[in-house]
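> Sending over data-v5.txt (compact mmCIF, C-alpha atoms).
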# COMPACT_ATOMS: atom_id res chain seq x y z
CA MET A 1 -10.07 22.86 -88.19
CA ARG A 2 -6.73 24.76 -88.18
CA ASN A 3 -6.96 25.14 -84.41
CA ARG A 4 -7.57 21.41 -84.00
CA ILE A 5 -4.58 20.55 -86.18
CA THR A 6 -2.38 22.95 -84.21
CA ALA A 7 -3.51 21.41 -80.92
CA LEU A 8 -2.89 17.90 -82.24
CA LEU A 9 0.63 18.79 -83.38
CA GLY A 10 1.33 20.29 -79.96
CA ALA A 11 0.14 17.14 -78.21
CA LEU A 12 2.28 14.95 -80.45
CA ALA A 13 5.32 17.09 -79.73
CA ALA A 14 4.74 16.78 -75.99
CA LEU A 15 4.26 13.02 -76.32
CA SER A 16 7.52 12.68 -78.25
CA MET A 17 9.36 14.45 -75.43
CA LEU A 18 7.88 12.00 -72.93
CA VAL A 19 8.92 9.03 -75.07
CA VAL A 20 12.48 10.35 -75.39
CA SER A 21 12.62 10.82 -71.63
CA ALA A 22 11.18 7.36 -70.88
CA CYS A 23 13.64 5.71 -73.26
CA GLY A 24 16.70 7.26 -71.66
CA ALA A 25 17.88 3.92 -70.26
CA THR A 26 17.75 2.28 -73.68
CA ALA A 27 19.56 5.16 -75.31
CA ALA A 28 22.31 5.08 -72.70
CA LYS A 29 22.72 1.33 -73.17
CA GLN A 30 22.93 1.58 -76.94
CA THR A 31 25.49 4.39 -76.95
CA GLY A 32 27.55 2.80 -74.18
CA THR A 33 27.33 5.86 -71.92
CA SER A 34 27.56 5.35 -68.15
CA THR A 35 24.59 5.54 -65.80
CA SER A 36 26.86 7.29 -63.30
CA ALA A 37 26.42 10.92 -62.40
CA SER A 38 29.16 10.89 -59.77
CA ALA A 39 31.56 12.79 -61.98
CA ALA A 40 29.18 15.74 -61.87
CA GLY A 41 28.59 15.28 -58.14
CA GLU A 42 24.95 14.36 -58.71
CA PRO A 43 22.94 11.32 -57.57
CA VAL A 44 22.82 8.37 -59.96
CA SER A 45 19.47 8.32 -61.74
CA GLY A 46 17.31 5.77 -63.52
CA LEU A 47 18.29 2.68 -61.51
CA ARG A 48 15.71 -0.12 -61.26
CA SER A 49 15.71 -2.89 -58.65
CA MET A 50 13.77 -6.09 -59.35
CA VAL A 51 12.39 -8.23 -56.52
CA PRO A 52 11.83 -11.80 -57.79
CA ASN A 53 8.99 -12.62 -55.38
CA THR A 54 5.92 -11.05 -53.81
CA PRO A 55 5.77 -7.81 -51.79
CA GLY A 56 6.36 -8.13 -48.07
CA GLY A 57 9.06 -10.81 -48.12
CA GLY A 58 12.73 -10.61 -47.21
CA TYR A 59 13.93 -9.76 -50.72
CA ASP A 60 11.29 -7.05 -51.00
CA THR A 61 12.14 -5.52 -47.62
CA THR A 62 15.87 -5.54 -48.37
CA ALA A 63 15.46 -4.00 -51.83
CA ARG A 64 13.15 -1.24 -50.63
CA THR A 65 15.34 -0.48 -47.62
CA ALA A 66 18.43 -0.21 -49.83
CA ALA A 67 16.58 2.04 -52.29
CA LYS A 68 15.38 4.32 -49.49
CA VAL A 69 18.85 4.63 -48.02
CA MET A 70 20.30 5.53 -51.43
CA GLU A 71 17.57 8.14 -51.87
CA ASP A 72 17.96 9.59 -48.37
CA THR A 73 21.74 9.86 -48.71
CA LYS A 74 21.45 11.29 -52.25
CA ILE A 75 23.55 8.47 -53.66
CA ALA A 76 20.77 7.83 -56.19
CA SER A 77 17.48 9.42 -57.11
CA GLY A 78 14.25 7.90 -58.38
CA VAL A 79 15.25 4.28 -57.70
CA GLN A 80 12.36 2.12 -58.90
CA VAL A 81 11.68 -1.12 -57.02
CA PHE A 82 9.27 -3.55 -58.66
CA ASN A 83 8.17 -7.14 -58.08
CA LEU A 84 8.24 -9.96 -60.61
CA PRO A 85 7.33 -13.13 -58.65
CA GLY A 86 7.21 -16.70 -59.84
CA ALA A 87 8.88 -20.11 -59.57
CA GLY A 88 10.92 -19.33 -56.48
CA GLY A 89 12.60 -16.35 -58.11
CA THR A 90 13.54 -17.97 -61.40
CA VAL A 91 11.00 -15.93 -63.38
CA GLY A 92 12.84 -12.82 -62.25
CA LEU A 93 16.18 -14.49 -62.89
CA GLN A 94 15.20 -15.31 -66.46
CA ARG A 95 14.03 -11.72 -66.97
CA THR A 96 17.38 -10.45 -65.66
CA ILE A 97 19.29 -12.64 -68.10
CA ASN A 98 16.99 -11.60 -70.94
CA GLU A 99 17.88 -7.97 -70.16
CA LYS A 100 21.47 -8.57 -71.34
CA GLY A 101 23.41 -5.31 -71.50
CA ASN A 102 20.86 -3.29 -69.48
CA GLY A 103 23.07 -1.37 -67.06
CA LYS A 104 20.12 0.27 -65.32
CA LEU A 105 18.64 -2.96 -63.93
CA ALA A 106 19.66 -5.15 -60.99
CA MET A 107 17.93 -7.96 -59.10
CA LEU A 108 17.80 -8.52 -55.34
CA MET A 109 18.41 -12.22 -54.71
CA GLY A 110 19.85 -14.73 -52.28
CA LEU A 111 20.27 -18.37 -51.36
CA GLY A 112 16.66 -19.09 -52.34
CA VAL A 113 17.19 -18.18 -55.98
CA VAL A 114 20.34 -20.31 -56.11
CA GLY A 115 18.39 -23.35 -54.91
CA ALA A 116 15.31 -22.64 -57.03
CA SER A 117 17.36 -22.48 -60.21
CA TYR A 118 18.38 -26.11 -59.64
CA ALA A 119 15.18 -27.49 -58.10
CA SER A 120 13.05 -26.07 -60.93
CA LYS A 121 15.52 -27.24 -63.59
CA SER A 122 15.71 -23.64 -64.81
CA THR A 123 17.76 -22.89 -67.91
CA ALA A 124 18.60 -19.55 -66.31
CA THR A 125 21.38 -19.67 -63.71
CA LEU A 126 23.02 -17.09 -61.50
CA THR A 127 26.39 -17.86 -63.05
CA GLN A 128 25.07 -16.07 -66.15
CA THR A 129 24.51 -12.79 -64.27
CA THR A 130 26.87 -9.98 -63.30
CA PRO A 131 27.39 -10.11 -59.50
CA ILE A 132 27.30 -6.68 -57.86
CA ALA A 133 27.48 -7.25 -54.09
CA LYS A 134 26.50 -9.49 -51.22
CA LEU A 135 24.70 -7.37 -48.62
CA ILE A 136 23.51 -9.20 -45.53
CA GLU A 137 23.05 -12.46 -43.72
CA GLU A 138 20.01 -13.28 -41.62
CA ALA A 139 19.20 -16.13 -39.27
CA GLY A 140 16.06 -18.17 -39.75
CA ALA A 141 13.10 -18.41 -37.40
CA ILE A 142 10.46 -20.96 -36.46
CA VAL A 143 7.18 -19.05 -36.38
CA VAL A 144 3.60 -19.81 -35.33
CA SER A 145 0.40 -17.80 -35.01
CA LYS A 146 -0.53 -16.19 -31.69
CA ASP A 147 -3.13 -18.87 -30.99
CA SER A 148 -1.00 -21.85 -32.00
CA PRO A 149 -1.03 -24.79 -29.57
CA TYR A 150 2.77 -24.79 -29.69
CA ARG A 151 4.05 -22.46 -26.99
CA THR A 152 7.70 -23.50 -27.18
CA ILE A 153 9.99 -25.13 -29.72
CA GLY A 154 9.90 -28.19 -27.47
CA ASP A 155 6.09 -28.41 -27.81
CA LEU A 156 6.42 -28.22 -31.58
CA VAL A 157 9.15 -30.83 -31.85
CA THR A 158 7.21 -33.26 -29.64
CA ALA A 159 4.11 -33.02 -31.85
CA TRP A 160 6.17 -33.09 -35.04
CA LYS A 161 8.04 -36.24 -34.08
CA LYS A 162 4.79 -37.94 -33.09
CA ASP A 163 3.27 -37.43 -36.56
CA PRO A 164 5.55 -35.63 -39.08
CA LYS A 165 2.97 -35.71 -41.87
CA LYS A 166 0.32 -34.06 -39.70
CA VAL A 167 2.38 -30.98 -38.80
CA THR A 168 2.60 -28.98 -42.02
CA VAL A 169 5.53 -26.60 -42.40
CA GLY A 170 5.46 -23.63 -44.77
CA GLY A 171 8.35 -21.68 -46.23
CA GLY A 172 8.65 -18.57 -48.35
CA SER A 173 10.85 -20.24 -50.94
CA SER A 174 10.60 -23.11 -53.38
CA PRO A 175 12.25 -26.49 -52.74
CA GLY A 176 15.99 -25.90 -52.59
CA GLY A 177 15.63 -22.45 -51.06
CA PRO A 178 16.55 -21.48 -47.49
CA ASP A 179 13.00 -21.80 -46.14
CA HIS A 180 12.99 -25.36 -47.45
CA LEU A 181 16.51 -26.29 -46.38
CA LEU A 182 15.94 -24.97 -42.84
CA PRO A 183 13.06 -27.30 -41.83
CA MET A 184 14.76 -30.22 -43.57
CA GLN A 185 17.89 -29.65 -41.53
CA LEU A 186 15.82 -29.09 -38.39
CA ALA A 187 13.95 -32.34 -38.97
CA LYS A 188 17.20 -34.24 -39.32
CA ALA A 189 18.56 -32.62 -36.15
CA VAL A 190 15.59 -33.78 -34.05
CA GLY A 191 15.45 -37.29 -35.51
CA ILE A 192 12.79 -36.94 -38.23
CA ASP A 193 13.39 -38.31 -41.72
CA PRO A 194 13.37 -35.23 -44.00
CA LYS A 195 11.43 -37.24 -46.56
CA GLN A 196 8.55 -37.38 -44.06
CA VAL A 197 8.31 -33.59 -43.76
CA ASN A 198 5.07 -32.14 -45.15
CA PHE A 199 6.47 -28.97 -46.72
CA VAL A 200 4.33 -26.35 -48.48
CA SER A 201 6.10 -23.79 -50.65
CA TYR A 202 4.97 -20.13 -50.79
CA ASP A 203 6.37 -17.55 -53.18
CA GLY A 204 8.00 -15.27 -50.64
CA GLY A 205 7.22 -14.11 -47.12
CA GLY A 206 4.32 -12.01 -48.39
CA GLU A 207 2.41 -15.22 -49.19
CA LEU A 208 3.74 -17.21 -46.23
CA LEU A 209 2.54 -14.77 -43.57
CA PRO A 210 -1.23 -15.14 -44.26
CA ALA A 211 -0.82 -18.93 -44.10
CA ILE A 212 0.72 -18.60 -40.63
CA LEU A 213 -1.86 -16.08 -39.43
CA GLY A 214 -4.71 -18.21 -40.75
CA ASN A 215 -3.34 -21.43 -39.20
CA LYS A 216 -3.19 -23.06 -42.60
CA ILE A 217 0.15 -24.57 -41.61
CA GLY A 218 1.54 -25.89 -38.33
CA PHE A 219 4.53 -23.55 -38.41
CA GLY A 220 6.53 -21.37 -40.75
CA ALA A 221 10.27 -21.32 -41.39
CA SER A 222 11.80 -18.14 -42.77
CA GLY A 223 14.02 -15.18 -41.92
CA TYR A 224 13.07 -13.67 -38.57
CA GLY A 225 13.27 -10.15 -39.98
CA GLU A 226 10.15 -10.78 -42.05
CA PHE A 227 8.01 -11.08 -38.90
CA LEU A 228 9.21 -8.23 -36.68
CA ASP A 229 6.12 -6.08 -37.27
CA GLN A 230 3.82 -9.01 -36.53
CA VAL A 231 5.80 -9.94 -33.40
CA GLU A 232 5.46 -6.37 -32.16
CA ALA A 233 1.73 -6.44 -32.95
CA GLY A 234 1.36 -9.75 -31.12
CA THR A 235 -0.12 -11.66 -34.05
CA VAL A 236 2.70 -14.21 -34.35
CA ARG A 237 5.22 -15.83 -32.01
CA ILE A 238 8.78 -16.82 -32.85
CA LEU A 239 9.57 -20.08 -31.06
CA ALA A 240 13.29 -20.12 -31.89
CA VAL A 241 15.92 -18.47 -34.07
CA THR A 242 18.68 -20.34 -35.88
CA SER A 243 21.61 -18.05 -35.07
CA ALA A 244 24.55 -19.11 -32.92
CA GLU A 245 23.79 -16.35 -30.41
CA PRO A 246 20.56 -14.61 -29.30
CA ILE A 247 19.37 -11.72 -31.48
CA ASP A 248 18.88 -8.31 -29.89
CA VAL A 249 15.68 -7.37 -31.76
CA VAL A 250 14.02 -10.57 -30.51
CA LYS A 251 16.08 -10.94 -27.35
CA ASP A 252 13.51 -13.06 -25.50
CA VAL A 253 13.51 -15.73 -28.21
CA PRO A 254 15.87 -18.69 -27.62
CA THR A 255 18.22 -20.09 -30.23
CA LEU A 256 17.84 -23.69 -31.36
CA LYS A 257 21.14 -24.50 -29.66
CA ALA A 258 19.95 -23.02 -26.37
CA SER A 259 16.86 -25.21 -26.72
CA GLY A 260 18.96 -28.35 -27.00
CA ILE A 261 18.85 -28.64 -30.81
CA ASP A 262 22.29 -28.69 -32.40
CA ARG A 263 21.62 -26.62 -35.51
CA VAL A 264 22.75 -23.18 -36.75
CA PHE A 265 21.47 -21.81 -40.07
CA SER A 266 21.67 -18.48 -41.92
CA ASN A 267 20.42 -17.04 -45.19
CA TRP A 268 22.05 -14.30 -47.26
CA ARG A 269 20.99 -11.67 -49.79
CA GLY A 270 22.78 -9.82 -52.54
CA ILE A 271 22.42 -8.01 -55.85
CA VAL A 272 23.14 -9.13 -59.41
CA ALA A 273 22.82 -7.33 -62.74
CA PRO A 274 22.13 -8.69 -66.23
CA PRO A 275 24.96 -10.26 -68.23
CA GLY A 276 26.94 -8.18 -70.66
CA ILE A 277 26.63 -4.78 -68.98
CA GLY A 278 29.40 -2.28 -69.64
CA ASP A 279 32.29 -1.76 -67.25
CA ALA A 280 31.08 1.77 -66.50
CA ASP A 281 27.61 0.55 -65.53
CA LYS A 282 29.02 -2.23 -63.36
CA LYS A 283 31.28 0.30 -61.64
CA THR A 284 28.31 2.62 -61.09
CA TRP A 285 26.30 -0.11 -59.36
CA ILE A 286 29.20 -1.29 -57.20
CA GLU A 287 30.16 2.25 -56.19
CA ALA A 288 26.56 3.18 -55.36
CA ILE A 289 26.00 0.04 -53.26
CA THR A 290 29.39 0.47 -51.55
CA ARG A 291 28.57 4.07 -50.60
CA MET A 292 25.18 2.92 -49.33
CA HIS A 293 26.83 0.18 -47.26
CA ASP A 294 29.25 2.70 -45.72
CA SER A 295 26.50 5.13 -44.74
CA GLN A 296 25.28 5.59 -41.19
CA GLU A 297 21.73 5.25 -42.48
CA TRP A 298 22.41 1.70 -43.68
CA LYS A 299 24.15 0.79 -40.43
CA SER A 300 21.06 2.00 -38.57
CA GLU A 301 18.84 -0.22 -40.73
CA LEU A 302 21.07 -3.22 -40.01
CA THR A 303 20.64 -2.62 -36.29
CA LYS A 304 16.92 -1.93 -36.56
CA ARG A 305 16.21 -5.08 -38.56
CA GLY A 306 18.74 -7.34 -36.88
CA TRP A 307 20.57 -8.01 -40.16
CA THR A 308 24.19 -9.13 -40.10
CA ASP A 309 26.54 -7.09 -42.28
CA ALA A 310 28.07 -9.50 -44.82
CA PHE A 311 29.25 -7.07 -47.50
CA LEU A 312 31.21 -8.50 -50.43
CA PRO A 313 31.46 -6.24 -53.50
CA GLY A 314 32.32 -7.11 -57.09
CA ASP A 315 34.82 -9.89 -57.61
CA GLN A 316 34.56 -11.03 -53.98
CA PHE A 317 30.84 -11.66 -54.46
CA THR A 318 31.53 -13.38 -57.79
CA ALA A 319 33.78 -15.90 -56.01
CA TYR A 320 31.30 -16.35 -53.15
CA LEU A 321 28.39 -16.89 -55.53
CA ALA A 322 30.32 -19.53 -57.47
CA GLU A 323 31.05 -21.39 -54.22
CA GLN A 324 27.42 -21.18 -53.10
CA ASP A 325 26.22 -22.40 -56.49
CA LYS A 326 28.43 -25.47 -56.27
CA SER A 327 27.52 -26.16 -52.63
CA VAL A 328 23.75 -25.91 -53.15
CA ALA A 329 23.92 -28.10 -56.26
CA ALA A 330 25.67 -30.81 -54.25
CA ILE A 331 23.14 -30.65 -51.38
CA LEU A 332 20.12 -30.78 -53.68
CA SER A 333 21.63 -33.68 -55.62
CA GLU A 334 21.77 -35.63 -52.34
CA LEU A 335 18.07 -34.87 -51.79
CA GLY A 336 17.23 -35.88 -55.35
CA LEU A 337 16.10 -32.36 -56.22
CA ALA A 338 18.78 -31.41 -58.73
Can you present the structure in this file as structure tokens?

Amino acid sequence: MRNRITALLGALAALSMLVVSACGATAAKQTGTSTSASAAGEPVSGLRSMVPNTPGGGYDTTARTAAKVMEDTKIASGVQVFNLPGAGGTVGLQRTINEKGNGKLAMLMGLGVVGASYASKSTATLTQTTPIAKLIEEAGAIVVSKDSPYRTIGDLVTAWKKDPKKVTVGGGSSPGGPDHLLPMQLAKAVGIDPKQVNFVSYDGGGELLPAILGNKIGFGASGYGEFLDQVEAGTVRILAVTSAEPIDVVKDVPTLKASGIDRVFSNWRGIVAPPGIGDADKKTWIEAITRMHDSQEWKSELTKRGWTDAFLPGDQFTAYLAEQDKSVAAILSELGLA
């Protein structure tokens, strides 16, 4: 019996050490200590990056790429990336706001979350968060499966104009997000009433891709970077990109403008933290992301993925986000979605 009691006490002691270790983020937040280890010349530890939609989409790819670069360059160690999908990103947004004061957490977001917060009538808004940095911009793409009857953007537009309701378009964002705004703007550009567009919303590129591959939709509209692996594998075809100029990583794909359609469109992605974090924690995040942005490893990822560098740290991103919030609200009000 004495041996059993001794063993039990030993196990409880070990468990208490694990609990103390696991609760380090909470302890740091309560005492107001910084998450930064830069003063000691060590990587920042304990950072968590939330992706507010499913694995495999643009937010997910961007978050995991950023985390890997920070790990590889020893800017941070043990960065945890996790997914919390739902309602076009507003489930994750609400969680971020609920984590008020948590200096260890940040959320990868973009234009889609701005639109979703209005279209879903969410009580959580991005103006409640702490903006950290805008990272990239990315053109959109019109995508079909390898065996789609549409071989060119012209083929697609011809069929779409003939019967808009019959040609279903899917996007990896909720109404109000970039994957919704893109086909609406495209429809208007080719003479289709946006109200006639048969749009199906998917929660991120991870859910959109199977719908394209399975021919459940006529075409998909999303960031071209989400389909590079499938393009290389030959399972999907990009009919057009929405940039002003051709994109090197898909150099054989025409732009909409080169195809006679007067439309240019781009999405963007950035990082926000919960409200009420300390100045030291905000500085830690901004410094870590700035160092990542300045690294050769990040520049290589931009080239590899065809992302456009659109870096705006701290207060610059705060101003940009406020402008985007106002602009999207106005557009969605016109569409009757806000």
> Would you pick out the contacts of Thr90 of chain A at 7 Å or less, using all atoms listed in the file, so that residues sharing its chain but fewer than 3 positions from it are not included, and give the list as a PyMOL selection string?
chain A and resi 86-87+93-94+113+116-117+122
> Can you spit out the residues from that selection as an mmCIF file, in the frame of the given file, using C-alpha atoms?

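This is the output file result.cif:
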data_model
loop_
_atom_site.group_PDB
_atom_site.id
_atom_site.type_symbol
_atom_site.label_atom_id
_atom_site.label_comp_id
_atom_site.auth_asym_id
_atom_site.auth_seq_id
_atom_site.Cartn_x
_atom_site.Cartn_y
_atom_site.Cartn_z
ATOM 1 C CA GLY A 86 7.210 -16.700 -59.840
ATOM 2 C CA ALA A 87 8.880 -20.110 -59.570
ATOM 3 C CA LEU A 93 16.180 -14.490 -62.890
ATOM 4 C CA GLN A 94 15.200 -15.310 -66.460
ATOM 5 C CA VAL A 113 17.190 -18.180 -55.980
ATOM 6 C CA ALA A 116 15.310 -22.640 -57.030
ATOM 7 C CA SER A 117 17.360 -22.480 -60.210
ATOM 8 C CA SER A 122 15.710 -23.640 -64.810
#
> Select all residues near (11.3, -17.9, -44.2) (cut-off 7 Å, inclusive, file coordinates), counting all atoms listed in the file, and output them as a PDB file with C-alpha atoms, in the coordinates of the input.

ATOM      1  CA  GLY A 140      16.060 -18.170 -39.750  1.00  0.00           C
ATOM      2  CA  GLY A 171       8.350 -21.680 -46.230  1.00  0.00           C
ATOM      3  CA  GLY A 172       8.650 -18.570 -48.350  1.00  0.00           C
ATOM      4  CA  ASP A 179      13.000 -21.800 -46.140  1.00  0.00           C
ATOM      5  CA  GLY A 205       7.220 -14.110 -47.120  1.00  0.00           C
ATOM      6  CA  GLY A 220       6.530 -21.370 -40.750  1.00  0.00           C
ATOM      7  CA  ALA A 221      10.270 -21.320 -41.390  1.00  0.00           C
ATOM      8  CA  SER A 222      11.800 -18.140 -42.770  1.00  0.00           C
ATOM      9  CA  GLY A 223      14.020 -15.180 -41.920  1.00  0.00           C
TER      10      GLY A 223
END
> Do you know which residues are at most 9 Å from Arg263 of chain A counting all atoms listed in the file, after dropping those on the same chain fewer than 5 positions away, and could you put them as a ChimeraX atom specification?
/A:185-186,189,242-244,256-257
> Per residue of segment 221-242 of chain A within 10 Å of segment 294-317 of chain A, record the nearest atom pair and its distance in Å to one decimal, counting all atoms listed in the file, with rows in chain order and ascending residue number, as a Markdown table.

| residue | atom | partner | partner_atom | distance |
| --- | --- | --- | --- | --- |
| A:Gly223 | CA | A:Trp307 | CA | 9.9 |
| A:Tyr224 | CA | A:Gly306 | CA | 8.7 |
| A:Gly225 | CA | A:Arg305 | CA | 6.0 |
| A:Glu226 | CA | A:Arg305 | CA | 9.0 |
| A:Leu228 | CA | A:Arg305 | CA | 7.9 |
> Near Arg95 of chain A, within 12 Å and counting only C-alpha atoms, which residues show up once chain neighbours fewer than 3 positions away are dropped, as number ranges by chain?
A: 50-52, 83-86, 89-92, 98-100, 102, 105-107, 123-126, 128-129, 273-275
> Nearest to Ala119 of chain A: which of A:Ile247, A:Ala322, A:Leu213, A:Leu181 is it, counting all atoms listed in the file?
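That would be A:Leu181, the residue with the smallest distance to Ala119 of chain A.
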> Please report, as a Markdown table, each residue of segment 122-155 of chain A lying at most 10 Å from segment 279-288 of chain A, together with the nearest pair of atoms and the separation in Å rounded to one decimal; use only C-alpha atoms, and order rows by chain and ascending residue number.

| residue | atom | partner | partner_atom | distance |
| --- | --- | --- | --- | --- |
| A:Thr130 | CA | A:Lys282 | CA | 8.0 |
| A:Pro131 | CA | A:Lys282 | CA | 8.9 |
| A:Ile132 | CA | A:Ile286 | CA | 5.8 |
| A:Ala133 | CA | A:Ile286 | CA | 6.9 |
> Just the number, please: distance in Å from atom CA of Gly176 of chain A to atom CA of Thr127 of chain A, one decimal.
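Taking atom CA of Gly176 of chain A and atom CA of Thr127 of chain A, their separation equals 16.8 Å.
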> Return the single residue from A:Gly110, A:Gly204, A:Gly218, A:Gly115 that is closest to Ala159 of chain A, with distances computed using all atoms listed in the file.
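Nearest to Ala159 of chain A: A:Gly218.
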> What is the atom CA of Asp262 of chain A to atom CA of Pro164 of chain A distance in Å?
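Straight-line distance from atom CA of Asp262 of chain A to atom CA of Pro164 of chain A works out to 19.3 Å.
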> Pick out the closest residue to Phe199 of chain A from this set: A:Ala211, A:Ile217, A:Met292, A:Ala63. Count all atoms listed in the file.
A:Ile217
> Go ahead and compute the interatomic distance for atom CA of Gly56 of chain A and atom CA of Gly206 of chain A, in Å to one decimal.
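About the pair atom CA of Gly56 of chain A and atom CA of Gly206 of chain A: they are 4.4 Å apart.
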> Counting all atoms listed in the file, figure out which residue out of A:Glu334, A:Ser49, A:Pro43, A:Ile271 gets nearest to Asp72 of chain A.
A:Pro43
> Please determine, counting all atoms listed in the file, which residue among A:Lys121, A:Arg291, A:Lys326, A:Arg269 has the shortest atom-to-atom distance to Leu135 of chain A.
A:Arg269
> Calculate, to one decimal in Å, the centre and edge lengths of the box along x, y and z of the file that holds all listed atoms of segment 78-96 of chain A with 5 Å of margin on each side, and present them as JSON.

{"center_x": 12.3, "center_y": -6.1, "center_z": -61.7, "size_x": 20.2, "size_y": 38.0, "size_z": 20.5}
> Would you list the residues near (-0.8, -24.2, -45.7), meaning any protein, DNA or RNA residue with an atom at most 8 Å from that point in file coordinates, counting only C-alpha atoms, as a PyMOL selection string?
chain A and resi 168-170+200+211-212+215-218
> Identify, on the basis of only C-alpha atoms, every residue whose closest approach to Lys161 of chain A does not exceed 12 Å; exclude the query and any residue fewer than 4 positions from it along the same chain; express the result as a ChimeraX atom specification.
/A:154-157,165-167,186-194,196-197
> Pick the closest to Val249 of chain A from A:Val272, A:Val264, A:Val79, A:Val231: which is it, counting only C-alpha atoms?
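Nearest candidate to Val249 of chain A out of A:Val272, A:Val264, A:Val79, A:Val231: A:Val231.
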